[in-house]
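Trainee: File query_0.json follows (JSON, C-alpha atoms and all ligand atoms):
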```json
[["chain", "number", "residue", "atom", "x", "y", "z"],
["A", 71, "MET", "CA", -43.18, -14.82, -64.15],
["A", 72, "SER", "CA", -40.42, -14.30, -66.73],
["A", 73, "THR", "CA", -38.08, -17.13, -67.76],
["A", 74, "GLU", "CA", -35.33, -15.26, -65.98],
["A", 75, "ASP", "CA", -37.33, -15.18, -62.71],
["A", 76, "ILE", "CA", -38.15, -18.90, -62.99],
["A", 77, "ARG", "CA", -34.48, -19.62, -63.66],
["A", 78, "PHE", "CA", -33.34, -17.58, -60.66],
["A", 79, "GLU", "CA", -35.95, -19.11, -58.36],
["A", 80, "TYR", "CA", -34.77, -22.57, -59.37],
["A", 81, "ILE", "CA", -31.12, -21.66, -58.82],
["A", 82, "GLU", "CA", -31.92, -20.02, -55.47],
["A", 83, "ASN", "CA", -33.97, -22.97, -54.25],
["A", 84, "PHE", "CA", -31.39, -25.47, -55.35],
["A", 85, "GLY", "CA", -28.58, -25.61, -52.82],
["A", 86, "CYS", "CA", -29.00, -22.11, -51.41],
["A", 87, "VAL", "CA", -30.03, -22.53, -47.80],
["A", 88, "GLU", "CA", -31.22, -19.57, -45.74],
["A", 89, "ASP", "CA", -31.52, -20.38, -42.06],
["A", 90, "ASP", "CA", -34.05, -18.94, -39.59],
["A", 91, "LEU", "CA", -31.66, -16.19, -38.46],
["A", 92, "LEU", "CA", -31.07, -14.83, -41.96],
["A", 93, "ARG", "CA", -34.78, -15.14, -42.75],
["A", 94, "ALA", "CA", -35.59, -13.14, -39.59],
["A", 95, "LEU", "CA", -32.99, -10.51, -40.52],
["A", 96, "GLU", "CA", -34.48, -10.19, -43.99],
["A", 97, "ARG", "CA", -37.97, -9.85, -42.49],
["A", 98, "GLU", "CA", -36.94, -7.25, -39.90],
["A", 99, "THR", "CA", -35.07, -5.28, -42.59],
["A", 100, "ALA", "CA", -38.22, -5.28, -44.74],
["A", 101, "LEU", "CA", -40.31, -4.08, -41.78],
["A", 102, "THR", "CA", -37.98, -1.32, -40.60],
["A", 103, "GLN", "CA", -35.97, -0.06, -43.60],
["A", 104, "ILE", "CA", -36.91, 1.97, -46.67],
["A", 105, "HIS", "CA", -34.76, 0.03, -49.15],
["A", 106, "PRO", "CA", -34.78, -3.58, -47.90],
["A", 107, "LYS", "CA", -33.74, -4.92, -51.33],
["A", 108, "MET", "CA", -30.25, -3.54, -50.72],
["A", 109, "LEU", "CA", -29.24, -6.62, -48.76],
["A", 110, "SER", "CA", -27.37, -9.34, -50.62],
["A", 111, "GLY", "CA", -29.86, -12.15, -50.11],
["A", 112, "CYS", "CA", -29.44, -15.88, -50.00],
["A", 113, "TYR", "CA", -27.82, -16.55, -53.37],
["A", 114, "GLN", "CA", -25.21, -13.80, -53.18],
["A", 115, "GLY", "CA", -24.52, -14.53, -49.53],
["A", 116, "HIS", "CA", -23.85, -18.11, -50.50],
["A", 117, "LEU", "CA", -21.58, -17.06, -53.36],
["A", 118, "LEU", "CA", -19.54, -14.73, -51.11],
["A", 119, "ALA", "CA", -19.20, -17.53, -48.56],
["A", 120, "MET", "CA", -18.01, -19.89, -51.30],
["A", 121, "LEU", "CA", -15.40, -17.38, -52.49],
["A", 122, "ILE", "CA", -14.10, -17.00, -48.94],
["A", 123, "LYS", "CA", -13.87, -20.75, -48.40],
["A", 124, "MET", "CA", -12.32, -21.44, -51.83],
["A", 125, "SER", "CA", -9.70, -18.72, -51.42],
["A", 126, "LYS", "CA", -9.11, -19.70, -47.76],
["A", 127, "ALA", "CA", -9.48, -16.05, -46.81],
["A", 128, "LYS", "CA", -8.90, -15.32, -43.12],
["A", 129, "ARG", "CA", -9.38, -11.57, -43.01],
["A", 130, "VAL", "CA", -12.19, -9.85, -44.89],
["A", 131, "LEU", "CA", -13.15, -6.19, -45.29],
["A", 132, "GLU", "CA", -16.65, -5.07, -46.26],
["A", 133, "ILE", "CA", -17.62, -1.59, -47.42],
["A", 134, "GLY", "CA", -21.34, -1.09, -46.70],
["A", 135, "THR", "CA", -22.68, -3.19, -43.82],
["A", 136, "TYR", "CA", -26.33, -2.10, -44.12],
["A", 137, "ALA", "CA", -28.39, -4.65, -42.10],
["A", 138, "GLY", "CA", -25.47, -7.07, -41.80],
["A", 139, "TYR", "CA", -26.77, -9.83, -44.08],
["A", 140, "SER", "CA", -23.67, -10.24, -46.26],
["A", 141, "ALA", "CA", -21.43, -9.68, -43.22],
["A", 142, "ILE", "CA", -23.04, -12.65, -41.44],
["A", 143, "CYS", "CA", -22.76, -14.86, -44.54],
["A", 144, "MET", "CA", -19.08, -13.99, -44.94],
["A", 145, "ALA", "CA", -18.15, -14.18, -41.25],
["A", 146, "ARG", "CA", -19.71, -17.64, -41.00],
["A", 147, "ALA", "CA", -17.49, -18.79, -43.87],
["A", 148, "LEU", "CA", -14.30, -17.71, -42.09],
["A", 149, "PRO", "CA", -12.19, -20.03, -39.96],
["A", 150, "ALA", "CA", -12.60, -19.68, -36.16],
["A", 151, "ASP", "CA", -9.61, -17.31, -35.99],
["A", 152, "GLY", "CA", -10.80, -15.27, -38.97],
["A", 153, "GLN", "CA", -11.98, -11.67, -38.85],
["A", 154, "LEU", "CA", -14.41, -9.53, -40.81],
["A", 155, "VAL", "CA", -14.16, -5.75, -40.60],
["A", 156, "THR", "CA", -17.29, -4.06, -41.93],
["A", 157, "ILE", "CA", -17.77, -0.32, -42.42],
["A", 158, "GLU", "CA", -21.13, 1.51, -42.51],
["A", 159, "ILE", "CA", -21.59, 5.26, -42.84],
["A", 160, "ASN", "CA", -25.19, 5.30, -41.58],
["A", 161, "ASP", "CA", -25.26, 5.05, -37.79],
["A", 162, "GLU", "CA", -29.08, 4.72, -37.82],
["A", 163, "ILE", "CA", -28.95, 1.11, -38.96],
["A", 164, "GLU", "CA", -26.27, -0.06, -36.54],
["A", 165, "TRP", "CA", -28.89, -1.32, -34.03],
["A", 166, "LEU", "CA", -30.12, -3.82, -36.61],
["A", 167, "SER", "CA", -26.78, -5.22, -37.76],
["A", 168, "SER", "CA", -25.37, -5.42, -34.22],
["A", 169, "LYS", "CA", -28.53, -7.17, -32.98],
["A", 170, "TYR", "CA", -28.10, -9.92, -35.58],
["A", 171, "PHE", "CA", -24.31, -10.17, -35.20],
["A", 172, "ALA", "CA", -25.00, -10.94, -31.53],
["A", 173, "LYS", "CA", -27.84, -13.37, -32.32],
["A", 174, "ALA", "CA", -25.50, -15.17, -34.73],
["A", 175, "GLY", "CA", -22.81, -15.36, -32.02],
["A", 176, "LEU", "CA", -20.39, -13.56, -34.32],
["A", 177, "GLN", "CA", -19.48, -10.56, -32.13],
["A", 178, "ASP", "CA", -15.93, -11.90, -31.73],
["A", 179, "ARG", "CA", -15.39, -12.41, -35.45],
["A", 180, "ILE", "CA", -17.01, -9.22, -36.77],
["A", 181, "VAL", "CA", -15.54, -5.76, -36.18],
["A", 182, "PRO", "CA", -18.21, -3.18, -37.14],
["A", 183, "ILE", "CA", -17.03, 0.36, -37.78],
["A", 184, "VAL", "CA", -19.33, 3.36, -38.25],
["A", 185, "GLY", "CA", -17.81, 5.89, -40.64],
["A", 186, "ASP", "CA", -17.03, 6.80, -44.21],
["A", 187, "ALA", "CA", -15.09, 3.94, -45.76],
["A", 188, "THR", "CA", -12.84, 6.26, -47.79],
["A", 189, "GLU", "CA", -11.66, 7.84, -44.53],
["A", 190, "VAL", "CA", -11.66, 4.67, -42.43],
["A", 191, "ILE", "CA", -9.80, 2.29, -44.76],
["A", 192, "PRO", "CA", -6.45, 4.17, -44.68],
["A", 193, "THR", "CA", -6.52, 3.95, -40.86],
["A", 194, "LEU", "CA", -6.94, 0.15, -40.75],
["A", 195, "ASP", "CA", -4.01, -2.02, -39.74],
["A", 196, "GLY", "CA", -2.86, -5.05, -41.68],
["A", 197, "GLN", "CA", -3.99, -6.62, -44.93],
["A", 198, "PHE", "CA", -7.17, -8.26, -46.13],
["A", 199, "ASP", "CA", -7.55, -11.43, -48.18],
["A", 200, "LEU", "CA", -10.94, -10.46, -49.58],
["A", 201, "ILE", "CA", -12.55, -7.02, -49.84],
["A", 202, "PHE", "CA", -16.25, -6.69, -50.68],
["A", 203, "ILE", "CA", -17.16, -3.29, -52.14],
["A", 204, "ASP", "CA", -20.88, -2.57, -51.67],
["A", 205, "GLY", "CA", -21.15, 1.07, -50.56],
["A", 206, "ASP", "CA", -22.13, 4.27, -52.39],
["A", 207, "LYS", "CA", -22.15, 3.60, -56.13],
["A", 208, "THR", "CA", -20.56, 6.99, -56.89],
["A", 209, "GLU", "CA", -17.55, 6.18, -54.72],
["A", 210, "TYR", "CA", -16.42, 2.84, -56.15],
["A", 211, "ILE", "CA", -13.20, 4.18, -57.69],
["A", 212, "SER", "CA", -12.13, 5.70, -54.34],
["A", 213, "TYR", "CA", -13.04, 2.49, -52.50],
["A", 214, "PHE", "CA", -11.04, 0.49, -55.02],
["A", 215, "GLU", "CA", -7.96, 2.71, -54.69],
["A", 216, "ALA", "CA", -8.12, 2.59, -50.89],
["A", 217, "SER", "CA", -8.78, -1.17, -50.92],
["A", 218, "LEU", "CA", -5.85, -1.96, -53.18],
["A", 219, "GLN", "CA", -3.51, -0.46, -50.56],
["A", 220, "LYS", "CA", -4.84, -2.97, -48.01],
["A", 221, "LEU", "CA", -5.17, -6.04, -50.22],
["A", 222, "ALA", "CA", -2.96, -9.06, -49.47],
["A", 223, "PRO", "CA", -0.67, -10.05, -52.41],
["A", 224, "ASP", "CA", -3.02, -12.83, -53.58],
["A", 225, "GLY", "CA", -6.15, -11.11, -52.31],
["A", 226, "LEU", "CA", -9.46, -10.70, -54.11],
["A", 227, "ILE", "CA", -11.66, -7.63, -54.47],
["A", 228, "VAL", "CA", -15.37, -8.27, -55.14],
["A", 229, "ALA", "CA", -17.44, -5.30, -56.29],
["A", 230, "ASP", "CA", -21.23, -5.57, -56.22],
["A", 231, "ASN", "CA", -23.87, -4.04, -58.52],
["A", 232, "VAL", "CA", -21.57, -3.52, -61.52],
["A", 233, "ILE", "CA", -24.51, -4.11, -63.89],
["A", 234, "TRP", "CA", -26.73, -1.76, -61.82],
["A", 235, "TYR", "CA", -30.17, -3.04, -62.76],
["A", 236, "ASP", "CA", -29.19, -2.99, -66.47],
["A", 237, "LYS", "CA", -29.27, 0.82, -66.35],
["A", 238, "ILE", "CA", -25.66, 0.96, -67.56],
["A", 239, "PHE", "CA", -26.80, -0.35, -70.96],
["A", 240, "ALA", "CA", -29.40, 2.36, -71.58],
["A", 241, "GLU", "CA", -29.22, 6.07, -72.20],
["A", 242, "THR", "CA", -28.57, 7.61, -68.82],
["A", 243, "ALA", "CA", -29.91, 10.87, -67.42],
["A", 244, "SER", "CA", -27.09, 13.21, -66.43],
["A", 245, "ASN", "CA", -28.42, 13.37, -62.85],
["A", 246, "ASP", "CA", -28.45, 9.56, -62.45],
["A", 247, "HIS", "CA", -25.29, 9.64, -60.36],
["A", 248, "PHE", "CA", -25.33, 5.99, -59.30],
["A", 249, "THR", "CA", -25.50, 4.72, -62.88],
["A", 250, "HIS", "CA", -22.75, 7.11, -63.96],
["A", 251, "GLY", "CA", -20.68, 6.08, -60.95],
["A", 252, "ILE", "CA", -20.89, 2.39, -61.85],
["A", 253, "MET", "CA", -20.19, 3.08, -65.53],
["A", 254, "ALA", "CA", -17.12, 5.14, -64.61],
["A", 255, "PHE", "CA", -15.90, 2.39, -62.27],
["A", 256, "ASN", "CA", -16.28, -0.36, -64.88],
["A", 257, "GLU", "CA", -14.44, 1.73, -67.46],
["A", 258, "TYR", "CA", -11.71, 2.65, -64.99],
["A", 259, "ILE", "CA", -11.11, -0.98, -64.03],
["A", 260, "SER", "CA", -11.16, -2.13, -67.66],
["A", 261, "LYS", "CA", -8.23, 0.24, -68.35],
["A", 262, "ARG", "CA", -6.15, -0.86, -65.38],
["A", 263, "GLU", "CA", -3.51, -3.20, -66.70],
["A", 264, "ASP", "CA", -2.18, -4.10, -63.27],
["A", 265, "VAL", "CA", -5.31, -6.06, -62.33],
["A", 266, "GLU", "CA", -7.22, -9.03, -63.72],
["A", 267, "LYS", "CA", -10.98, -8.64, -63.72],
["A", 268, "LEU", "CA", -14.06, -10.70, -64.46],
["A", 269, "ILE", "CA", -17.72, -9.73, -64.26],
["A", 270, "LEU", "CA", -19.99, -12.52, -63.06],
["A", 271, "PRO", "CA", -23.43, -11.83, -64.56],
["A", 272, "VAL", "CA", -25.20, -13.02, -61.42],
["A", 273, "ARG", "CA", -27.85, -11.04, -59.56],
["A", 274, "ASP", "CA", -26.84, -7.38, -60.17],
["A", 275, "GLY", "CA", -23.36, -8.19, -61.45],
["A", 276, "LEU", "CA", -20.32, -8.99, -59.32],
["A", 277, "MET", "CA", -16.85, -7.98, -60.47],
["A", 278, "LEU", "CA", -13.90, -10.06, -59.29],
["A", 279, "ILE", "CA", -10.57, -8.21, -59.30],
["A", 280, "ARG", "CA", -7.09, -9.39, -58.38],
["A", 281, "ARG", "CA", -3.57, -8.14, -58.99],
["A", 282, "ARG", "CA", -1.77, -9.52, -62.02],
["B", 1, "LIG", "C1", -26.16, -2.05, -50.71],
["B", 1, "LIG", "S1", -26.05, -1.58, -49.04],
["B", 1, "LIG", "C2", -24.99, -2.84, -48.37],
["B", 1, "LIG", "C3", -25.66, -4.19, -48.30],
["B", 1, "LIG", "C4", -24.89, -5.24, -47.56],
["B", 1, "LIG", "N1", -23.49, -5.29, -47.96],
["B", 1, "LIG", "C5", -25.52, -6.58, -47.85],
["B", 1, "LIG", "O1", -25.21, -7.12, -48.91],
["B", 1, "LIG", "O2", -26.32, -7.06, -47.05],
["B", 1, "LIG", "C6", -24.97, -0.20, -49.10],
["B", 1, "LIG", "C7", -24.62, 0.39, -47.77],
["B", 1, "LIG", "O3", -23.44, 1.20, -47.92],
["B", 1, "LIG", "C8", -23.53, 2.28, -47.03],
["B", 1, "LIG", "N2", -22.58, 3.33, -47.45],
["B", 1, "LIG", "C9", -22.75, 4.27, -48.41],
["B", 1, "LIG", "N3", -21.64, 5.03, -48.51],
["B", 1, "LIG", "C10", -20.76, 4.55, -47.61],
["B", 1, "LIG", "C11", -19.43, 4.93, -47.23],
["B", 1, "LIG", "N4", -18.79, 5.94, -47.84],
["B", 1, "LIG", "N5", -18.81, 4.23, -46.25],
["B", 1, "LIG", "C12", -19.44, 3.19, -45.64],
["B", 1, "LIG", "N6", -20.69, 2.80, -45.95],
["B", 1, "LIG", "C13", -21.34, 3.45, -46.92],
["B", 1, "LIG", "C14", -25.00, 2.68, -47.12],
["B", 1, "LIG", "O4", -25.38, 3.47, -46.00],
["B", 1, "LIG", "C15", -25.69, 1.32, -47.19],
["B", 1, "LIG", "O5", -26.08, 0.87, -45.93]]
```
Take the structure I supplied and represent it as structure tokens, if you would.
Ligand SMILES: C[S@@+](CC[C@H](N)C(=O)[O-])C[C@H]1O[C@@H](n2cnc3c(N)ncnc32)[C@H](O)[C@@H]1O
Mentor:
Amino acid sequence: MSTEDIRFEYIENFGCVEDDLLRALERETALTQIHPKMLSGCYQGHLLAMLIKMSKAKRVLEIGTYAGYSAICMARALPADGQLVTIEINDEIEWLSSKYFAKAGLQDRIVPIVGDATEVIPTLDGQFDLIFIDGDKTEYISYFEASLQKLAPDGLIVADNVIWYDKIFAETASNDHFTHGIMAFNEYISKREDVEKLILPVRDGLMLIRRR
């Protein structure tokens, strides 16, 4: 085990509690899905929940539901009258997320939408206090542009995987579209003077963005 793994295991075990429901969701995702590692996991779920509580967010938008792990973590952090809208393009995984939203008793707080986030976001009513971008890595700039239109004045955008398994630091094959997508997004955001940004070097890199 590398020092980094030991460090992360310690951090994850210390204060990061995964209940039976999330453990079961993680297990069922591993048994039924090809890329089970895509879900946020305990540490990131906890971090997203913390951000929601600290910012007192009431309405949250998620791009990329997948199995629903991060959606459950975030919805649980909302006040009773809060709402989480989560968009997923792949209708073949909806059975899994909706099963666990129901098991968690969160059907009233979570609004799942099947569709392409770039098309769906412009049709959504109202504003969001926190927007979690975790969809297709080649589409981050479009998600960001669409999200900014729906972000509350003091709202926060959180973009996942901005370090993309450290691939952004190495020479990148021209057909590695995900790595190029993330690199283009990071560069694009760095040049935007109308927003403040900060990369948290946790897990696969989380970028926090808010309006200046
Ligand atoms: C990394 S997974 C999301 C993981 C989830 N947020 C979590 O942390 O548990 C990315 C998901 O985004 C979905 N996706 C990709 N492109 C999308 C789009 N344009 N609109 C909505 N969802 C999209 C994928 O099908 C996939 O399920």
Trainee: 8 Å from ligand LIG 1 (chain B) is the threshold here; counting only C-alpha atoms and all ligand atoms, which polymer residues fall inside it? Answer as a PDB file with C-alpha atoms, in the frame of the given file.
Mentor:
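The resulting file, pocket.pdb, is reproduced below:
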```
ATOM      1  CA  MET A 108     -30.250  -3.540 -50.720  1.00  0.00           C
ATOM      2  CA  LEU A 109     -29.240  -6.620 -48.760  1.00  0.00           C
ATOM      3  CA  SER A 110     -27.370  -9.340 -50.620  1.00  0.00           C
ATOM      4  CA  GLY A 111     -29.860 -12.150 -50.110  1.00  0.00           C
ATOM      5  CA  GLN A 114     -25.210 -13.800 -53.180  1.00  0.00           C
ATOM      6  CA  GLY A 115     -24.520 -14.530 -49.530  1.00  0.00           C
ATOM      7  CA  GLU A 132     -16.650  -5.070 -46.260  1.00  0.00           C
ATOM      8  CA  ILE A 133     -17.620  -1.590 -47.420  1.00  0.00           C
ATOM      9  CA  GLY A 134     -21.340  -1.090 -46.700  1.00  0.00           C
ATOM     10  CA  THR A 135     -22.680  -3.190 -43.820  1.00  0.00           C
ATOM     11  CA  TYR A 136     -26.330  -2.100 -44.120  1.00  0.00           C
ATOM     12  CA  ALA A 137     -28.390  -4.650 -42.100  1.00  0.00           C
ATOM     13  CA  GLY A 138     -25.470  -7.070 -41.800  1.00  0.00           C
ATOM     14  CA  TYR A 139     -26.770  -9.830 -44.080  1.00  0.00           C
ATOM     15  CA  SER A 140     -23.670 -10.240 -46.260  1.00  0.00           C
ATOM     16  CA  ALA A 141     -21.430  -9.680 -43.220  1.00  0.00           C
ATOM     17  CA  ILE A 157     -17.770  -0.320 -42.420  1.00  0.00           C
ATOM     18  CA  GLU A 158     -21.130   1.510 -42.510  1.00  0.00           C
ATOM     19  CA  ILE A 159     -21.590   5.260 -42.840  1.00  0.00           C
ATOM     20  CA  ASN A 160     -25.190   5.300 -41.580  1.00  0.00           C
ATOM     21  CA  ILE A 163     -28.950   1.110 -38.960  1.00  0.00           C
ATOM     22  CA  VAL A 184     -19.330   3.360 -38.250  1.00  0.00           C
ATOM     23  CA  GLY A 185     -17.810   5.890 -40.640  1.00  0.00           C
ATOM     24  CA  ASP A 186     -17.030   6.800 -44.210  1.00  0.00           C
ATOM     25  CA  ALA A 187     -15.090   3.940 -45.760  1.00  0.00           C
ATOM     26  CA  THR A 188     -12.840   6.260 -47.790  1.00  0.00           C
ATOM     27  CA  PHE A 202     -16.250  -6.690 -50.680  1.00  0.00           C
ATOM     28  CA  ILE A 203     -17.160  -3.290 -52.140  1.00  0.00           C
ATOM     29  CA  ASP A 204     -20.880  -2.570 -51.670  1.00  0.00           C
ATOM     30  CA  GLY A 205     -21.150   1.070 -50.560  1.00  0.00           C
ATOM     31  CA  ASP A 206     -22.130   4.270 -52.390  1.00  0.00           C
ATOM     32  CA  LYS A 207     -22.150   3.600 -56.130  1.00  0.00           C
ATOM     33  CA  GLU A 209     -17.550   6.180 -54.720  1.00  0.00           C
TER      34      GLU A 209
END
```
Trainee: Excluding same-chain residues fewer than 5 positions from Pro149 in chain A, what lies within 9 Å of it counting all atoms listed in the file, as a short mmCIF file (atom, residue, chain, number, x, y, z; two decimals) with C-alpha atoms, in the coordinates of the input?
Mentor:
```cif
data_model
loop_
_atom_site.label_atom_id
_atom_site.label_comp_id
_atom_site.auth_asym_id
_atom_site.auth_seq_id
_atom_site.Cartn_x
_atom_site.Cartn_y
_atom_site.Cartn_z
CA LYS A 123 -13.87 -20.75 -48.40
CA LYS A 126 -9.11 -19.70 -47.76
CA ALA A 127 -9.48 -16.05 -46.81
CA LYS A 128 -8.90 -15.32 -43.12
#
```
Trainee: Would you kindly return, as a PyMOL selection string, each protein, DNA or RNA residue with an atom no farther than 8 Å from any atom of range 262-264 of chain A, considering all atoms listed in the file and excluding same-chain residues fewer than 3 positions away?
Mentor: chain A and resi 258-259+281-282
Trainee: Could you pull the residues within 9 Å of Phe171 in chain A, counting only C-alpha atoms, minus those fewer than 4 positions along the same chain, as a ChimeraX atom specification?
Mentor: /A:138,141-142,166-167,175-177,180
Trainee: In Å, rounded to a single decimal, give me how far CA of Leu92 in chain A is from CA of Cys143 in chain A.
Mentor: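 Value for the CA of Cys143 in chain A-CA of Leu92 in chain A distance: 8.7 Å.
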Trainee: Need the axis-aligned box for range 127-138 of chain A with 4 Å each side, so what are the centre and edges in Å to one decimal, as lines of an AutoDock Vina configuration file?
Mentor:
```
center_x = -18.6
center_y = -8.6
center_z = -44.6
size_x = 27.5
size_y = 23.0
size_z = 13.6
```
Trainee: Please list as number ranges by chain every residue within 10 Å of range 238-240 of chain A, counting only C-alpha atoms and excluding residues in the same chain fewer than 6 positions away.
Mentor: A: 232, 248-254, 256
Trainee: List as a VMD selection string the protein and nucleic acid residues near Arg179 in chain A, meaning an atom at most 10 Å away when all atoms listed in the file are counted, but skip any in the same chain fewer than 6 places from it.
Mentor: chain A and resid 129 142 145 to 146 148 to 155 171
Trainee: My list of candidates is A:Met120, A:Leu95, A:Leu218, A:Ile269. Which is closest to Ser168 in chain A when distances are computed with only C-alpha atoms?
Mentor: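 Checking each candidate against Ser168 in chain A, we get A:Leu95 as the closest.
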Trainee: What is the distance between CA of Tyr213 in chain A and CA of Ile279 in chain A, in Å to one decimal?
Mentor: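 Computing it gives 12.9 Å between the two atoms.
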Trainee: Which residue, A:Thr102, A:Pro223, A:Leu276, A:Ala147, has the smallest gap to Glu162 in chain A when you use all atoms listed in the file?
Mentor: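 The shortest atom-to-atom distance to Glu162 in chain A comes from A:Thr102.
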Trainee: Have range 195-217 of chain A completed to N, CA and C atoms, please, and pass it along as a JSON list (two decimals), keeping the file's coordinate frame.
Mentor:
```
[["chain", "number", "residue", "atom", "x", "y", "z"],
["A", 195, "ASP", "N", -5.29, -1.31, -39.79],
["A", 195, "ASP", "CA", -4.01, -2.02, -39.74],
["A", 195, "ASP", "C", -4.09, -3.31, -40.54],
["A", 196, "GLY", "N", -2.95, -3.73, -41.06],
["A", 196, "GLY", "CA", -2.86, -5.05, -41.68],
["A", 196, "GLY", "C", -3.50, -5.14, -43.05],
["A", 197, "GLN", "N", -3.49, -6.38, -43.58],
["A", 197, "GLN", "CA", -3.99, -6.62, -44.93],
["A", 197, "GLN", "C", -5.24, -7.49, -44.90],
["A", 198, "PHE", "N", -5.95, -7.47, -46.01],
["A", 198, "PHE", "CA", -7.17, -8.26, -46.13],
["A", 198, "PHE", "C", -7.06, -9.22, -47.31],
["A", 199, "ASP", "N", -7.60, -10.42, -47.12],
["A", 199, "ASP", "CA", -7.55, -11.43, -48.18],
["A", 199, "ASP", "C", -8.69, -11.25, -49.17],
["A", 200, "LEU", "N", -9.79, -10.71, -48.69],
["A", 200, "LEU", "CA", -10.94, -10.46, -49.58],
["A", 200, "LEU", "C", -11.59, -9.15, -49.15],
["A", 201, "ILE", "N", -11.89, -8.30, -50.14],
["A", 201, "ILE", "CA", -12.55, -7.02, -49.84],
["A", 201, "ILE", "C", -13.82, -6.93, -50.68],
["A", 202, "PHE", "N", -14.95, -6.75, -50.00],
["A", 202, "PHE", "CA", -16.25, -6.69, -50.68],
["A", 202, "PHE", "C", -16.70, -5.23, -50.73],
["A", 203, "ILE", "N", -16.76, -4.69, -51.94],
["A", 203, "ILE", "CA", -17.16, -3.29, -52.14],
["A", 203, "ILE", "C", -18.66, -3.24, -52.43],
["A", 204, "ASP", "N", -19.41, -2.61, -51.51],
["A", 204, "ASP", "CA", -20.88, -2.57, -51.67],
["A", 204, "ASP", "C", -21.44, -1.30, -51.03],
["A", 205, "GLY", "N", -20.70, -0.19, -51.16],
["A", 205, "GLY", "CA", -21.15, 1.07, -50.56],
["A", 205, "GLY", "C", -21.82, 1.98, -51.58],
["A", 206, "ASP", "N", -21.56, 3.26, -51.49],
["A", 206, "ASP", "CA", -22.13, 4.27, -52.39],
["A", 206, "ASP", "C", -21.61, 4.05, -53.82],
["A", 207, "LYS", "N", -22.55, 3.96, -54.76],
["A", 207, "LYS", "CA", -22.15, 3.60, -56.13],
["A", 207, "LYS", "C", -21.35, 4.70, -56.84],
["A", 208, "THR", "N", -21.35, 5.91, -56.27],
["A", 208, "THR", "CA", -20.56, 6.99, -56.89],
["A", 208, "THR", "C", -19.11, 6.99, -56.37],
["A", 209, "GLU", "N", -18.85, 6.14, -55.39],
["A", 209, "GLU", "CA", -17.55, 6.18, -54.72],
["A", 209, "GLU", "C", -16.68, 4.95, -55.02],
["A", 210, "TYR", "N", -17.11, 4.12, -55.95],
["A", 210, "TYR", "CA", -16.42, 2.84, -56.15],
["A", 210, "TYR", "C", -14.93, 3.01, -56.51],
["A", 211, "ILE", "N", -14.61, 4.03, -57.30],
["A", 211, "ILE", "CA", -13.20, 4.18, -57.69],
["A", 211, "ILE", "C", -12.35, 4.50, -56.44],
["A", 212, "SER", "N", -12.88, 5.38, -55.58],
["A", 212, "SER", "CA", -12.13, 5.70, -54.34],
["A", 212, "SER", "C", -12.01, 4.48, -53.45],
["A", 213, "TYR", "N", -13.10, 3.70, -53.33],
["A", 213, "TYR", "CA", -13.04, 2.49, -52.50],
["A", 213, "TYR", "C", -11.99, 1.53, -53.06],
["A", 214, "PHE", "N", -11.99, 1.41, -54.39],
["A", 214, "PHE", "CA", -11.04, 0.49, -55.02],
["A", 214, "PHE", "C", -9.60, 0.92, -54.73],
["A", 215, "GLU", "N", -9.33, 2.20, -54.91],
["A", 215, "GLU", "CA", -7.96, 2.71, -54.69],
["A", 215, "GLU", "C", -7.54, 2.47, -53.24],
["A", 216, "ALA", "N", -8.44, 2.78, -52.31],
["A", 216, "ALA", "CA", -8.12, 2.59, -50.89],
["A", 216, "ALA", "C", -7.96, 1.10, -50.58],
["A", 217, "SER", "N", -8.81, 0.27, -51.18],
["A", 217, "SER", "CA", -8.78, -1.17, -50.92],
["A", 217, "SER", "C", -7.49, -1.81, -51.41]]
```
